[in-house]
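Heads up, run.csv below (CSV, C-alpha atoms):
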```csv
chain,number,residue,atom,x,y,z
R,1,MET,CA,104.6,78.4,114.5
R,2,LEU,CA,105.5,82.0,115.0
R,3,TYR,CA,107.4,81.9,111.7
R,4,PHE,CA,104.4,80.7,109.8
R,5,PHE,CA,102.2,83.2,111.6
R,6,ILE,CA,104.3,86.1,110.4
R,7,LEU,CA,104.7,84.6,106.9
R,8,GLY,CA,101.0,84.2,106.6
R,9,ASP,CA,100.6,87.9,107.5
R,10,VAL,CA,103.2,89.1,105.0
R,11,LEU,CA,103.0,86.8,102.1
R,12,GLY,CA,100.1,87.1,99.7
R,13,ALA,CA,97.6,89.6,98.6
R,14,GLY,CA,99.6,92.7,97.9
R,15,VAL,CA,101.8,91.2,95.2
R,16,TYR,CA,98.8,89.7,93.4
R,17,VAL,CA,97.4,93.1,92.6
R,18,LEU,CA,100.4,95.5,92.7
R,19,VAL,CA,103.1,94.0,90.5
R,20,GLY,CA,101.7,95.9,87.5
R,21,GLN,CA,101.6,99.2,89.3
R,22,VAL,CA,105.2,98.7,90.5
R,23,ALA,CA,106.2,98.1,86.9
R,24,ALA,CA,104.4,101.3,85.8
R,25,GLU,CA,106.5,103.3,88.3
R,26,SER,CA,109.9,101.7,88.1
R,27,GLY,CA,110.1,100.0,84.6
R,28,GLY,CA,110.6,96.4,83.7
R,29,ALA,CA,113.0,95.5,86.5
R,30,VAL,CA,110.2,94.9,89.0
R,31,TRP,CA,112.4,92.8,91.2
R,32,VAL,CA,114.6,95.8,92.1
R,33,PRO,CA,112.0,97.8,94.0
R,34,LEU,CA,110.7,94.6,95.6
R,35,LEU,CA,114.3,93.8,96.8
R,36,LEU,CA,114.8,97.4,98.0
R,37,ALA,CA,111.4,97.3,99.9
R,38,LEU,CA,112.6,94.1,101.6
R,39,LEU,CA,115.8,95.7,102.8
R,40,LEU,CA,114.0,98.7,104.1
R,41,SER,CA,111.4,96.5,105.8
R,42,LEU,CA,114.2,94.6,107.5
R,43,LEU,CA,115.6,97.8,109.0
R,44,THR,CA,112.3,98.6,110.8
R,45,ALA,CA,111.8,94.9,111.6
R,46,ALA,CA,115.0,95.0,113.6
R,47,SER,CA,113.6,97.9,115.6
R,48,TYR,CA,110.4,96.0,116.2
R,49,ALA,CA,112.5,92.9,117.3
R,50,GLU,CA,114.3,95.0,119.9
R,51,LEU,CA,111.2,96.6,121.3
R,52,ALA,CA,109.1,93.4,121.2
R,53,THR,CA,111.7,91.4,123.1
R,54,LYS,CA,112.4,94.2,125.5
R,55,TYR,CA,108.7,94.8,126.2
R,56,PRO,CA,107.0,91.5,125.4
R,57,ARG,CA,103.4,92.5,125.7
R,58,ALA,CA,100.5,93.3,123.4
R,59,GLY,CA,100.1,96.9,122.3
R,60,GLY,CA,102.8,97.1,119.7
R,61,ALA,CA,103.8,100.4,118.1
R,62,SER,CA,101.3,102.4,120.2
R,63,HIS,CA,102.7,101.0,123.5
R,64,TYR,CA,106.3,101.6,122.5
R,65,THR,CA,105.6,105.1,121.4
R,66,THR,CA,103.7,105.8,124.6
R,67,LEU,CA,106.7,104.7,126.6
R,68,ALA,CA,109.1,106.9,124.6
R,69,PHE,CA,107.1,110.0,123.9
R,70,GLY,CA,103.9,109.9,126.0
R,71,PRO,CA,100.3,109.0,125.6
R,72,PHE,CA,99.4,111.6,123.0
R,73,ALA,CA,102.0,110.3,120.5
R,74,GLY,CA,101.0,106.8,121.4
R,75,PHE,CA,97.4,107.5,120.5
R,76,LEU,CA,98.4,109.1,117.2
R,77,VAL,CA,100.4,106.0,116.3
R,78,GLY,CA,97.6,103.7,117.3
R,79,PHE,CA,95.1,105.7,115.2
R,80,CYS,CA,97.5,105.6,112.2
R,81,MET,CA,97.6,101.8,112.6
R,82,LEU,CA,93.9,101.6,112.7
R,83,ALA,CA,93.5,103.9,109.7
R,84,ALA,CA,96.1,102.0,107.7
R,85,GLY,CA,94.2,98.8,108.3
R,86,VAL,CA,90.9,100.3,107.1
R,87,VAL,CA,92.6,101.7,104.0
R,88,SER,CA,94.2,98.3,103.3
R,89,VAL,CA,90.9,96.6,103.3
R,90,ALA,CA,89.6,99.2,100.8
R,91,ALA,CA,92.6,98.6,98.5
R,92,LEU,CA,92.1,94.9,98.6
R,93,THR,CA,88.4,95.4,97.8
R,94,ARG,CA,89.4,97.3,94.7
R,95,GLY,CA,91.8,94.5,93.8
R,96,PHE,CA,89.1,91.9,94.3
R,97,ALA,CA,86.9,93.7,91.9
R,98,GLY,CA,89.5,93.8,89.1
R,99,ASP,CA,90.6,91.4,86.4
R,100,TYR,CA,90.7,88.3,88.6
R,101,LEU,CA,87.0,88.6,89.2
R,102,THR,CA,86.1,89.5,85.7
R,103,SER,CA,87.5,86.1,84.6
R,104,PHE,CA,84.2,84.8,86.1
R,105,ILE,CA,81.7,87.7,86.0
R,106,SER,CA,81.7,91.4,85.3
R,107,LEU,CA,80.0,93.4,88.1
R,108,PRO,CA,80.0,97.1,89.1
R,109,VAL,CA,82.6,98.0,91.7
R,110,VAL,CA,79.9,99.2,94.1
R,111,LEU,CA,78.1,95.9,94.0
R,112,VAL,CA,81.3,93.9,94.4
R,113,ALA,CA,82.3,96.1,97.4
R,114,VAL,CA,78.9,95.5,99.1
R,115,ILE,CA,79.0,91.8,98.7
R,116,PHE,CA,82.7,91.3,99.4
R,117,LEU,CA,82.9,93.5,102.5
R,118,GLY,CA,79.6,92.3,103.8
R,119,THR,CA,80.7,88.7,103.6
R,120,LEU,CA,84.0,89.5,105.3
R,121,ALA,CA,82.2,91.4,108.1
R,122,LEU,CA,79.9,88.4,108.7
R,123,LEU,CA,82.8,86.0,108.9
R,124,ASN,CA,84.7,88.5,111.2
R,125,ALA,CA,81.6,88.8,113.4
R,126,ARG,CA,81.2,85.0,113.6
R,127,GLY,CA,84.4,84.7,115.6
R,128,ILE,CA,88.2,84.5,115.6
R,129,SER,CA,88.4,80.7,115.6
R,130,GLU,CA,86.4,80.4,112.4
R,131,SER,CA,88.4,83.2,110.7
R,132,THR,CA,91.7,81.6,111.8
R,133,ARG,CA,90.8,78.3,110.2
R,134,ALA,CA,89.8,80.0,107.0
R,135,ASN,CA,93.2,81.8,107.1
R,136,VAL,CA,95.3,78.7,107.4
R,137,ALA,CA,93.7,77.1,104.3
R,138,ALA,CA,93.8,80.4,102.3
R,139,THR,CA,97.5,81.0,103.2
R,140,VAL,CA,98.4,77.6,101.7
R,141,ILE,CA,96.4,78.4,98.5
R,142,GLU,CA,97.9,81.9,98.0
R,143,VAL,CA,101.5,80.7,98.6
R,144,GLY,CA,100.9,77.9,96.1
R,145,GLY,CA,99.6,80.5,93.6
R,146,LEU,CA,102.8,82.5,93.8
R,147,LEU,CA,105.0,79.5,93.4
R,148,LEU,CA,102.9,78.5,90.4
R,149,VAL,CA,103.6,81.9,88.8
R,150,VAL,CA,107.3,81.4,89.4
R,151,GLY,CA,107.2,77.9,87.8
R,152,LEU,CA,105.2,79.0,84.8
R,153,GLY,CA,107.3,82.1,84.2
R,154,THR,CA,110.5,80.1,84.4
R,155,TRP,CA,109.1,77.5,82.0
R,156,LEU,CA,108.2,80.2,79.6
R,157,LEU,CA,111.7,81.6,79.6
R,158,ILE,CA,113.2,78.1,79.2
R,159,ARG,CA,111.2,77.4,76.1
R,160,GLY,CA,112.3,80.7,74.5
R,161,GLY,CA,109.4,83.0,75.4
R,162,GLY,CA,109.6,86.4,77.1
R,163,ASP,CA,112.5,88.7,77.2
R,164,ALA,CA,115.0,88.4,80.1
R,165,GLY,CA,116.6,91.7,79.0
R,166,ARG,CA,113.7,93.5,80.7
R,167,LEU,CA,115.2,92.4,84.1
R,168,LEU,CA,117.6,95.3,83.7
R,169,ASP,CA,115.1,97.9,82.4
R,170,LEU,CA,115.0,100.6,85.1
R,171,GLY,CA,113.1,103.9,84.8
R,172,THR,CA,110.2,105.2,82.7
R,173,LYS,CA,109.7,108.1,80.3
R,174,GLU,CA,108.5,110.2,83.2
R,175,GLN,CA,111.1,109.2,85.7
R,176,GLY,CA,114.8,108.3,85.7
R,177,ALA,CA,116.1,105.0,87.1
R,178,ALA,CA,116.7,106.2,90.7
R,179,ALA,CA,113.4,108.1,91.0
R,180,GLY,CA,111.4,105.3,89.3
R,181,VAL,CA,112.8,102.7,91.6
R,182,LEU,CA,112.0,104.7,94.7
R,183,SER,CA,108.5,105.4,93.5
R,184,GLY,CA,108.1,101.7,92.8
R,185,THR,CA,109.5,100.8,96.2
R,186,VAL,CA,106.7,102.8,97.9
R,187,LEU,CA,104.1,100.5,96.3
R,188,ALA,CA,106.3,97.4,96.8
R,189,TYR,CA,106.5,98.2,100.5
R,190,TYR,CA,102.8,97.4,100.7
R,191,SER,CA,103.6,93.8,99.9
R,192,PHE,CA,105.7,93.5,103.1
R,193,VAL,CA,103.5,95.1,105.6
R,194,GLY,CA,101.9,92.8,108.2
R,195,PHE,CA,105.0,91.9,110.1
R,196,GLU,CA,104.4,94.7,112.5
R,197,THR,CA,101.3,93.0,113.9
R,198,SER,CA,103.3,90.0,115.1
R,199,VAL,CA,104.6,92.0,118.1
R,200,ASN,CA,101.3,91.4,119.8
R,201,VAL,CA,102.0,87.7,120.2
R,202,ALA,CA,105.7,88.0,121.3
R,203,GLU,CA,104.7,87.6,124.9
R,204,GLU,CA,103.2,84.2,124.1
R,205,THR,CA,106.4,82.7,122.8
R,206,ARG,CA,109.1,80.8,124.6
R,207,GLU,CA,112.4,82.7,125.0
R,208,PRO,CA,111.2,85.7,122.8
R,209,HIS,CA,114.7,87.2,122.7
R,210,ARG,CA,115.7,84.2,120.6
R,211,SER,CA,112.6,82.9,118.9
R,212,TYR,CA,111.0,86.2,117.8
R,213,PRO,CA,113.9,87.7,115.8
R,214,ARG,CA,114.5,84.4,114.1
R,215,ALA,CA,110.9,84.0,113.1
R,216,LEU,CA,110.5,87.7,112.1
R,217,PHE,CA,113.6,87.9,109.9
R,218,GLY,CA,113.1,84.4,108.5
R,219,ALA,CA,109.6,85.1,107.5
R,220,LEU,CA,110.5,88.4,105.9
R,221,LEU,CA,113.4,86.9,104.0
R,222,THR,CA,111.2,84.0,102.8
R,223,ALA,CA,108.5,86.4,101.5
R,224,GLY,CA,111.2,88.6,99.9
R,225,VAL,CA,112.7,85.7,98.0
R,226,VAL,CA,109.3,84.7,96.7
R,227,TYR,CA,108.4,88.3,95.8
R,228,VAL,CA,111.7,88.9,94.0
R,229,LEU,CA,111.2,85.7,92.0
R,230,VAL,CA,107.6,86.6,91.1
R,231,GLY,CA,108.7,90.1,90.0
R,232,ALA,CA,111.5,88.7,87.9
R,233,VAL,CA,109.4,86.2,86.0
R,234,ALA,CA,106.5,88.7,85.6
R,235,SER,CA,108.7,91.4,84.1
R,236,SER,CA,110.6,89.0,81.9
R,237,ALA,CA,107.5,87.2,80.7
R,238,LEU,CA,105.5,90.3,79.6
R,239,PRO,CA,106.2,93.8,78.4
R,240,THR,CA,106.0,96.5,81.1
R,241,GLY,CA,103.0,98.1,79.4
R,242,VAL,CA,100.9,94.9,79.6
R,243,LEU,CA,101.7,94.5,83.3
R,244,ALA,CA,101.0,98.1,84.1
R,245,ALA,CA,97.6,98.0,82.3
R,246,SER,CA,96.2,95.0,84.2
R,247,SER,CA,94.6,94.9,87.6
R,248,GLY,CA,95.4,91.2,87.6
R,249,PRO,CA,99.0,91.2,86.5
R,250,LEU,CA,99.9,87.7,87.5
R,251,LEU,CA,96.9,86.4,85.6
R,252,GLU,CA,98.6,87.9,82.4
R,253,VAL,CA,101.7,85.8,83.2
R,254,VAL,CA,99.6,82.6,83.5
R,255,LYS,CA,97.9,83.5,80.1
R,256,GLU,CA,101.2,84.0,78.4
R,257,ALA,CA,102.7,80.8,79.8
R,258,GLY,CA,99.7,78.6,79.2
R,259,GLY,CA,99.2,75.1,80.8
R,260,VAL,CA,96.9,76.3,83.6
R,261,PRO,CA,93.3,77.3,83.2
R,262,GLN,CA,92.9,81.0,83.7
R,263,LYS,CA,89.9,80.6,85.9
R,264,VAL,CA,91.8,78.3,88.3
R,265,PHE,CA,94.5,80.9,88.9
R,266,SER,CA,91.9,83.7,89.1
R,267,ALA,CA,90.2,81.7,91.9
R,268,ILE,CA,93.5,81.3,93.7
R,269,ALA,CA,94.2,85.1,93.4
R,270,LEU,CA,90.7,85.9,94.7
R,271,VAL,CA,91.2,83.7,97.7
R,272,ALA,CA,94.6,85.4,98.4
R,273,VAL,CA,93.0,88.9,98.2
R,274,ALA,CA,90.0,87.9,100.4
R,275,ASN,CA,92.3,86.3,103.0
R,276,GLY,CA,94.4,89.5,103.2
R,277,ALA,CA,91.3,91.6,103.6
R,278,LEU,CA,89.9,89.3,106.3
R,279,LEU,CA,93.0,89.3,108.4
R,280,THR,CA,93.4,93.1,108.2
R,281,GLY,CA,89.7,93.5,108.9
R,282,ILE,CA,90.0,91.4,112.1
R,283,MET,CA,93.0,93.5,113.2
R,284,SER,CA,91.3,96.8,112.5
R,285,SER,CA,88.0,96.0,114.2
R,286,ARG,CA,89.8,94.7,117.3
R,287,LEU,CA,92.0,97.7,117.5
R,288,ALA,CA,89.0,100.0,117.2
R,289,TYR,CA,87.3,98.1,119.9
R,290,GLY,CA,90.3,98.2,122.2
R,291,MET,CA,90.8,102.0,121.7
R,292,ALA,CA,87.1,102.6,122.4
R,293,LYS,CA,87.3,100.4,125.5
R,294,ASP,CA,90.2,102.7,126.7
R,295,GLY,CA,88.1,105.8,126.1
R,296,LEU,CA,90.1,106.9,123.0
R,297,LEU,CA,87.3,106.3,120.5
R,298,PRO,CA,83.4,106.6,120.8
R,299,LYS,CA,82.0,104.3,123.4
R,300,PHE,CA,79.5,102.6,121.1
R,301,LEU,CA,82.3,100.8,119.4
R,302,THR,CA,82.6,98.6,122.4
R,303,ARG,CA,79.3,96.9,121.8
R,304,VAL,CA,79.6,93.1,121.2
R,305,LEU,CA,77.2,90.3,120.1
R,306,PRO,CA,75.6,88.7,123.1
R,307,ARG,CA,76.6,85.1,122.3
R,308,ARG,CA,79.6,85.5,120.1
R,309,ARG,CA,81.1,88.4,122.1
R,310,THR,CA,82.6,89.8,118.8
R,311,PRO,CA,82.7,93.6,118.5
R,312,TRP,CA,79.9,94.0,116.0
R,313,ALA,CA,79.9,97.8,116.2
R,314,ALA,CA,83.6,98.1,115.5
R,315,ILE,CA,83.3,95.6,112.7
R,316,ALA,CA,80.4,97.6,111.2
R,317,ALA,CA,82.1,100.9,111.5
R,318,THR,CA,85.5,99.8,110.0
R,319,THR,CA,83.7,98.0,107.2
R,320,LEU,CA,81.6,101.0,106.3
R,321,ILE,CA,84.7,103.3,106.2
R,322,SER,CA,86.5,100.7,104.0
R,323,PHE,CA,83.5,100.7,101.7
R,324,CYS,CA,83.5,104.4,101.3
R,325,LEU,CA,87.3,104.5,100.7
R,326,ALA,CA,87.1,101.7,98.1
R,327,LEU,CA,84.8,104.0,96.0
R,328,THR,CA,87.2,107.0,96.2
R,329,GLY,CA,90.5,105.7,94.8
R,330,ASP,CA,92.2,103.0,92.8
R,331,VAL,CA,94.4,100.3,94.2
R,332,ALA,CA,97.7,102.2,93.8
R,333,THR,CA,96.4,105.3,95.5
R,334,LEU,CA,94.9,103.4,98.4
R,335,ALA,CA,98.1,101.3,98.8
R,336,SER,CA,100.2,104.4,98.8
R,337,THR,CA,98.0,106.0,101.4
R,338,LEU,CA,98.4,102.9,103.6
R,339,VAL,CA,102.2,103.0,103.2
R,340,LEU,CA,102.2,106.7,104.1
R,341,LEU,CA,100.3,106.0,107.4
R,342,LEU,CA,102.6,103.1,108.2
R,343,LEU,CA,105.7,105.2,107.5
R,344,VAL,CA,104.5,107.6,110.3
R,345,VAL,CA,104.1,104.5,112.6
R,346,PHE,CA,107.5,103.1,111.6
R,347,LEU,CA,109.2,106.5,112.1
R,348,PHE,CA,108.0,106.6,115.7
R,349,VAL,CA,109.0,103.0,116.3
R,350,ASN,CA,112.6,103.5,115.0
R,351,MET,CA,112.9,106.7,117.1
R,352,ALA,CA,111.4,104.9,120.2
R,353,VAL,CA,114.3,102.3,120.0
R,354,LEU,CA,116.9,105.1,120.4
R,355,VAL,CA,115.0,106.9,123.2
R,356,GLN,CA,114.3,103.7,125.1
R,357,ARG,CA,118.0,102.7,125.2
R,358,ARG,CA,118.1,104.7,128.4
R,359,ASP,CA,115.7,102.2,129.9
R,360,ARG,CA,117.6,99.2,131.2
R,361,VAL,CA,115.6,96.0,131.7
R,362,SER,CA,116.7,92.8,133.4
R,363,ARG,CA,115.3,90.4,130.9
R,364,PRO,CA,117.5,89.4,127.9
R,365,HIS,CA,116.4,91.0,124.6
R,366,PHE,CA,117.4,91.5,121.0
R,367,ARG,CA,119.5,94.6,120.4
R,368,ALA,CA,120.0,96.1,117.0
R,369,TYR,CA,123.1,98.0,116.0
R,370,THR,CA,122.5,101.7,116.7
R,371,ALA,CA,122.9,102.5,113.0
R,372,ILE,CA,119.9,100.3,112.1
R,373,PRO,CA,117.1,102.3,113.7
R,374,VAL,CA,118.7,105.5,112.5
R,375,LEU,CA,118.7,104.1,108.9
R,376,GLY,CA,115.2,102.8,109.5
R,377,ALA,CA,113.9,106.3,110.4
R,378,ALA,CA,115.8,107.8,107.5
R,379,SER,CA,114.2,105.3,105.1
R,380,CYS,CA,110.8,106.3,106.3
R,381,VAL,CA,111.5,109.9,105.5
R,382,LEU,CA,113.0,109.0,102.1
R,383,LEU,CA,110.0,106.9,101.0
R,384,ALA,CA,107.6,109.6,102.2
R,385,THR,CA,109.2,112.1,99.8
R,386,ARG,CA,108.3,109.8,96.9
R,387,ILE,CA,104.6,109.8,97.7
R,388,GLU,CA,102.4,111.8,95.4
R,389,GLY,CA,100.6,115.0,96.6
R,390,VAL,CA,97.1,113.6,96.3
R,391,VAL,CA,98.1,110.7,98.6
R,392,TRP,CA,99.7,113.2,101.1
R,393,LEU,CA,96.4,115.1,101.1
R,394,ARG,CA,94.5,112.0,102.1
R,395,GLY,CA,97.1,111.0,104.7
R,396,LEU,CA,97.2,114.5,106.2
R,397,VAL,CA,93.4,114.5,106.6
R,398,VAL,CA,93.6,111.2,108.5
R,399,ILE,CA,96.5,112.5,110.7
R,400,ALA,CA,94.5,115.6,111.4
R,401,VAL,CA,91.6,113.6,112.6
R,402,GLY,CA,93.9,111.5,114.8
R,403,LEU,CA,95.4,114.7,116.3
R,404,ALA,CA,91.9,116.1,117.0
R,405,LEU,CA,90.8,112.8,118.7
R,406,GLY,CA,94.1,112.6,120.6
R,407,ALA,CA,93.5,116.1,122.0
R,408,VAL,CA,90.0,115.2,123.1
R,409,ALA,CA,91.3,112.0,124.7
R,410,ALA,CA,94.0,113.9,126.5
R,411,GLN,CA,91.4,116.4,127.8
R,412,HIS,CA,89.3,113.5,129.1
R,413,ARG,CA,92.3,112.0,130.9
R,414,ARG,CA,93.1,115.3,132.6
R,415,ARG,CA,89.4,115.6,133.7
R,416,ALA,CA,89.5,112.1,135.0
R,417,ALA,CA,92.7,112.7,136.9
R,418,ALA,CA,91.3,115.9,138.4
R,419,LYS,CA,88.4,114.0,139.8
```
Structure rendered as structure tokens:
Amino acid sequence: MLYFFILGDVLGAGVYVLVGQVAAESGGAVWVPLLLALLLSLLTAASYAELATKYPRAGGASHYTTLAFGPFAGFLVGFCMLAAGVVSVAALTRGFAGDYLTSFISLPVVLVAVIFLGTLALLNARGISESTRANVAATVIEVGGLLLVVGLGTWLLIRGGGDAGRLLDLGTKEQGAAAGVLSGTVLAYYSFVGFETSVNVAEETREPHRSYPRALFGALLTAGVVYVLVGAVASSALPTGVLAASSGPLLEVVKEAGGVPQKVFSAIALVAVANGALLTGIMSSRLAYGMAKDGLLPKFLTRVLPRRRTPWAAIAATTLISFCLALTGDVATLASTLVLLLLVVFLFVNMAVLVQRRDRVSRPHFRAYTAIPVLGAASCVLLATRIEGVVWLRGLVVIAVGLALGAVAAQHRRRAAAK
């Protein structure tokens, strides 16, 4: 069950909208940055596995960072997680408004964002149980869509279409092979995020020191295999320029292969994107509610619906911010901003593993080789150097807001302690 929970969080929406952007950065061999992103994700996942089994309780990265570096750093990490979730919903909103939707109807992005985010907010406010049931069905559909792309792309190559030579085409006119692959990996990394939220349910599993690492690594490897296959068939089926120019790149593969109505696949892709946005929206609103309840964010975010008990104020606030962000950047820019924020979180998590080695606990837990969190931290720094300046500007603004709020929260804690 934990394996499928993590797989559902990781597998899906990102690859539906970002394969073309990865191709634009890295060249035709899209599978290479996807594979590299998987390997780098596994490094940080190992750090999460150690901390989640050593401290099996909800709180995740913020809790681990607080233990290692204190409450101020813990707040900053929690705020970056919250901001990353809000940015992710904005990116998926832009993806929803792209070529997949225009297969049915062409609408202004503003109108799509209002309807799409409004619908998700209402479903979120209705309750977790209804949202979870929708997620189960949507996960089956989105995984089926990816496997369909793999099957159609393979059939296209078997019958003599496409060009398998593009599988070795690395680099672009603007960037060499190494630089192009690293830039593409930044975007590909977005497709693997989601595994970090699973630490919040580690305490609810039996023998977490055994079950959690197996489920985590198994889910990431499964998603990685599917992504690499999707990237391989997409790049071999279509020229890089065609993939890069489309906001619905996998739909272009379906068009080229034939045999499946385009509207059917577009509907599958829209379900995948909506499901990803719904899950992330739930996480973001609950995190905002929890931080407000702890006095770290404005108190009005703790308001809940009388009967449903869902945090309507936090849902409304995070939805509004996602709406504004969706109108200020394209999918690639927003996805890169999310990755930058998560790289900050992952850097702290990898360092927390090393710091907390001094803390001996009696319970059995997973332990990564010391080199793994070191490499995980180094990978965060490496990827951060490949992020564009305009994205860094957005990210630094968010981090500055987090630092300011963290300082205010620290002052409130000192006043409370003095009383």
Exercise for the section: Skip region 243-254 of chain R itself and residues of its chain fewer than 2 positions away, then list as a list in words all residues within 7 Å of it, counting only C-alpha atoms. Expected result: Tyr16, Val17, Val19, Gly20, Gln21, Ala23, Ala24, Gly95, Gly98, Asp99, Tyr100, Val149, Leu152, Gly153, Ala234, Ala237, Leu238, Pro239, Thr240, Gly241, Glu256, Ala257, Gly258, Val260, Gln262, Phe265 and Ser266 of chain R
Problem - For CA of Thr139 (chain R) and CA of Phe79 (chain R), the interatomic separation in Å (one decimal) - result: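 Separation between CA of Thr139 (chain R) and CA of Phe79 (chain R): 27.6 Å.
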Exercise for the section: Counting all atoms listed in the file, figure out which residue out of R:Val110, R:Ala274, R:Ala83, R:Leu229 gets nearest to Leu123 (chain R). Expected result: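 For Leu123 (chain R), the nearest of the candidates is R:Ala274.
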Exercise for the section: Pick out the closest residue to Phe195 (chain R) from this set: R:Leu393, R:Ala29, R:Leu7, R:Ala37. Count only C-alpha atoms. Expected result: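 The closest residue to Phe195 (chain R) is R:Leu7.
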Exercise for the section: Can you work out the spacing between CA of Ala164 (chain R) and CA of Ala179 (chain R) in Å, to one decimal? Expected result: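 Result for CA of Ala164 (chain R) versus CA of Ala179 (chain R): 22.6 Å, one decimal.
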Practice task
Find the spatial neighbours of Leu82 (chain R), counting all atoms listed in the file, within a cut-off of 10 Å - ignore same-chain residues fewer than 5 positions away - and output them as a PyMOL selection string.
Solution key: chain R and resi 76-77+87-88+280-281+283-288+291+318+341-342
Handout entry: Non-local contacts of Ala125 (chain R) (9 Å; only C-alpha atoms; under 5 positions in same chain excluded) as a count of residues only
Key = 9
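Using only C-alpha atoms, the smallest distance between any of R:Ala97, R:Ala121, R:Val228, R:Ala272 and Glu142 (chain R) comes from R:Ala272.
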Practice task
Measure the distance from CA of Leu38 (chain R) to CA of Phe348 (chain R) in Å and round it to one decimal.
Solution key: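 One can read the CA of Leu38 (chain R) to CA of Phe348 (chain R) distance as 19.4 Å.
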Practice task
Using all atoms listed in the file, collect all residues at a distance of at most 7 Å from (111.4, 92.1, 91.6) as written in the file, then present them as JSON, numbers by chain.
Solution key: {"R": [29, 30, 31, 32, 33, 34, 35, 227, 228, 229, 230, 231, 232]}
Handout entry: Pick from R:Leu156, R:Leu168, R:Val349, R:Val10 nearest to Val181 (chain R), counting only C-alpha atoms
Key =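 Using only C-alpha atoms, Val181 (chain R) sits closest to R:Leu168.
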Handout entry: Which residue of R:Val344, R:Gln175, R:Ala317, R:Pro298 approaches Leu117 (chain R) most closely, using only C-alpha atoms
Key =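 Closest to Leu117 (chain R) of all the choices is R:Ala317.
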Exercise for the section: Mind checking which residues fall within 12 Å of region 215-221 of chain R, counting all atoms listed in the file, ignoring those fewer than 4 positions away in the same chain, and posting them as a ChimeraX atom specification? Expected result: /R:1-11,34-35,37-50,52-53,189,191-199,201-202,205,208-211,225-228,366
Fill in the blank from the handout: For Gly295 (chain R), the closest of R:Gln411, R:Asn275, R:Ser379, R:Ser336 counting only C-alpha atoms is R:Gln411
Handout entry: Spatial neighbours of Ser322 (chain R), 7 Å, all atoms listed in the file, chain gap at least 3 places, as a list of chain:residue names
Key = R:Val86, R:Val87, R:Val89, R:Ala90, R:Thr318, R:Thr319, R:Leu325, R:Ala326
